[in-house]
Amino acid sequence: MMMLVPLLIGFLMVGVGFNYREQEWGVRLLSAGVVVLLVPILVKIYLSLHLA
């Protein structure tokens with residue numbers, strides 16, 4: 001559940017940002033959505049490699 005919420009928010013941000021990609025705030029929202037999507041994945045990889 002802790003990884004599901006940020007991923008859903010990230011996908012929502014990417015979708016809305018892509019829809020408004022002609023606007024500057026749409027591109028920024030798209031970029032922020034990609035970052036929000038990558039952070040939980042990178043944290044999960046870091047924890048699995050660091051605790052092994």
# chains A, B, ... in the order shown; residues from 1 in each chain; ligands from 1
call {"tool": "select_by_dssp", "arguments": {"residues": "chain A", "states": "alpha helix (DSSP H)", "output": "PyMOL selection string"}}
result
chain A and resi 4-19+24-50
call {"tool": "residues_around", "arguments": {"residues": "Leu30 (chain A)", "least_positions_apart": "5", "cutoff": "8 Å", "atoms": "only C-alpha atoms", "output": "list in words"}}
result
Met13, Val14, Gly15, Val16, Gly17, Phe18 and Arg21 of chain A
call {"tool": "atom_distance", "arguments": {"atom1": "CA of Ser48 (chain A)", "atom2": "CA of Met3 (chain A)"}}
result
14.3 Å
call {"tool": "atom_distance", "arguments": {"atom1": "CA of Leu42 (chain A)", "atom2": "CA of Met2 (chain A)"}}
result
13.9 Å
call {"tool": "atom_distance", "arguments": {"atom1": "CA of Val39 (chain A)", "atom2": "CA of Leu4 (chain A)"}}
result
12.2 Å
call {"tool": "closest_residue", "arguments": {"among": "A:Leu29, A:Gln23, A:Leu7, A:Met1", "to": "Ile41 (chain A)", "atoms": "only C-alpha atoms"}}
result
A:Leu7
